[in-house]
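Chemist: Questions regarding the structure given below will be posed in turn.
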Amino acid sequence: MNSKSLTCCLVLLLYTNLFSSTTTSSPIRINSTTSVLNVTLPHSLSQSLEDLALKTLANQHHTGSLYRAVLPKNLSGIEVSIVRLTGKSLWNAGARFSNVLIPARSVSVPPARRVAIVYQNLGNWSNHWYNVPGYRLITSVLGFRVLDVSDQDNVKEISLKMENPVKILFSDLSDEKMLSRVSCVSFKAQHEDKEAARISRMILPGVCYGSSHGDYSVIEPLEKDKKVVLWRTRWWLLMLGLVLGFGVLWFLGFLCTVGLRILRTKKIQVMMEREANDGEVFKSRWVGGSKMPSATVTRTLPESESGFENCYHG
């Protein structure tokens with residue numbers, strides 16, 4: 001083999017090694033920069049967690065039992081568990097595993113004979129993946145995915161249709177005093193969803209409600225935003241007080257005006273009745289079938305408008 005052929009072989013080997021190194025799957029990397037409001041859990045990490053959970057389920061054959069997946073060391077802090085259910089049991093009893101309570105009368109869409117529910121707890125990685133502007137996460141991000149495992153060779157992610165909302169329990173939050181300052185936030189699992197994050201009010205301590213599969217957490221406003229919210233609340237209360245004050249004053253003024261008008265009307269009526277009583281009383285006479293007033297004397301003598309009367313007397 002000459003030197004030229006040897007050089008070509010070396011180049012071919014280097015190219016093959018380089019190509020194989022770029023195409024092989026690399027370990028999952030945590031990218032802390034993807035922490036914006038409308039960014040869902042990256043598909044690579046979500047898919048990898050689902051694959052690890054399915055591998056755990058492949059060695060287990062009991063339906064209705066919750067199994068915890070074994071994760072690599074570079075994902076320490078994340079907890080993943082999986083349970084396999086039949087579509088009938090999901091409809092009759094729901095799924096009450098982990099910290100997610102799926103109500104009864106839930107059906108997979110599209111319908112599946114067997115489903116697997118993957119529960120995820122991102123733990124101390126929660127703040128690396130999610131960040132809501134103006135708020136901070138005070139709990140780990142809990143989530144769940146639903147998979148159609150009727151065909152082991154064609155496992156796909158599906159959704160649930162539920163008559164009642166799903167409950168997500170945060171056991172560390174049990175103080176009712178925090179209800180006024182914390183909120184629930186949900187991150188949808190679908191990447192094409194425009195409203196990937198939704199903030200809602202927490203009604204019961206440590207309980208959030210959701211309408212679909214995805215990720216959930218509890219947030220509270222940052223200190224600076226708390227002051228802004230407090231200032232806005234006070235401003236609205238001041239404006240409401242001013243509006244109500246002006247409304248009460250206008251109403252009182254209206255009542256005073258109406259009262260003065262009524263008093264003035266009654267006063268005029270009394271004066272007219274008094275003048276009528278103090279005036280001259282006429283005698284009444286019957287003229288035909290009518291009773292009419294009649295004066296006894298004539299107060300003024302008639303005067304002629306022309307001088308004919310004087311001429312006549314002269």
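Within each chain, counting starts at residue 1; across the structure tokens, chains are named A, B, ... in the order shown, with ligands numbered 1 upward in that order.
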Show me, as a list of chain:residue names, the residues that have an atom within 7 Å of Tyr67 in chain A when counting only C-alpha atoms, minus same-chain residues fewer than 5 positions from it.

Modeler: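 The filter keeps A:Ser81, A:Ile82, A:Val83.
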
Chemist: Which of range 76-239 of chain A end up as strand (DSSP E or B) when DSSP is run on this backbone - answer as number ranges by chain?

Modeler: A: 79-86, 95-97, 100-102, 106-109, 114-121, 135-137, 142-148, 156-162, 166-169, 183-188, 197-201, 204, 207-210, 214-221

Chemist: Show which residues sit within 6 Å of Lys167 in chain A, as a PyMOL selection string. Count only C-alpha atoms, and ignore same-chain residues fewer than 3 positions away.

Modeler: chain A and resi 100-101+208-209

Chemist: Could the residues in this selection be written to a file with N, CA, C and O atoms, as a JSON list (two decimals), in the first residue's frame?

Modeler:
```
[["chain", "number", "residue", "atom", "x", "y", "z"],
["A", 100, "VAL", "N", -50.71, 13.65, 42.28],
["A", 100, "VAL", "CA", -51.69, 14.02, 41.26],
["A", 100, "VAL", "C", -52.89, 13.10, 41.38],
["A", 100, "VAL", "O", -52.75, 11.88, 41.34],
["A", 101, "LEU", "N", -54.06, 13.70, 41.55],
["A", 101, "LEU", "CA", -55.29, 12.92, 41.70],
["A", 101, "LEU", "C", -56.16, 13.16, 40.46],
["A", 101, "LEU", "O", -56.74, 14.22, 40.29],
["A", 208, "CYS", "N", -53.87, 22.68, 43.89],
["A", 208, "CYS", "CA", -54.07, 23.35, 42.61],
["A", 208, "CYS", "C", -54.94, 22.46, 41.73],
["A", 208, "CYS", "O", -54.93, 21.23, 41.86],
["A", 209, "TYR", "N", -55.67, 23.08, 40.84],
["A", 209, "TYR", "CA", -56.58, 22.35, 39.96],
["A", 209, "TYR", "C", -56.13, 22.56, 38.51],
["A", 209, "TYR", "O", -55.66, 23.64, 38.14]]
```

Chemist: With only C-alpha atoms as the counted atoms, please give the residues lying no more than 9 Å from Thr63 in chain A, apart from itself and same-chain residues fewer than 4 positions off, as a list in words.

Modeler: Val83, Arg84, Leu85 and Thr86 of chain A

Chemist: I'd like to know which of A:Val146, A:Ala116, A:Leu237, A:Leu173 is closest to His62 in chain A, using only C-alpha atoms.

Modeler: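 Result for the nearest residue to His62 in chain A: A:Ala116.
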
Chemist: Identify, on the basis of only C-alpha atoms, every residue whose closest approach to range 73-80 of chain A does not exceed 10 Å; exclude the query and any residue fewer than 6 positions from it along the same chain; express the result as a count of residues only.

Modeler: 24

Chemist: Pull the alpha helix (DSSP H) assignments for range 83-293 of chain A out of DSSP run on the backbone, and list those residues as a VMD selection string.

Modeler: chain A and resid 87 to 93 126 to 129 223 to 278

Chemist: Rank nothing, just name the residue among A:Ser150, A:Ser217, A:Ser183, A:Thr233 nearest to Ala112 in chain A, using only C-alpha atoms.

Modeler: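 When distances to Ala112 in chain A are compared using only C-alpha atoms, the smallest one comes from A:Ser150.
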
Chemist: Please identify all polymer residues within 8 Å of Gly210 in chain A, counting only C-alpha atoms, omitting same-chain residues fewer than 6 positions from it, and present them as a PyMOL selection string.

Modeler: chain A and resi 165-168+186
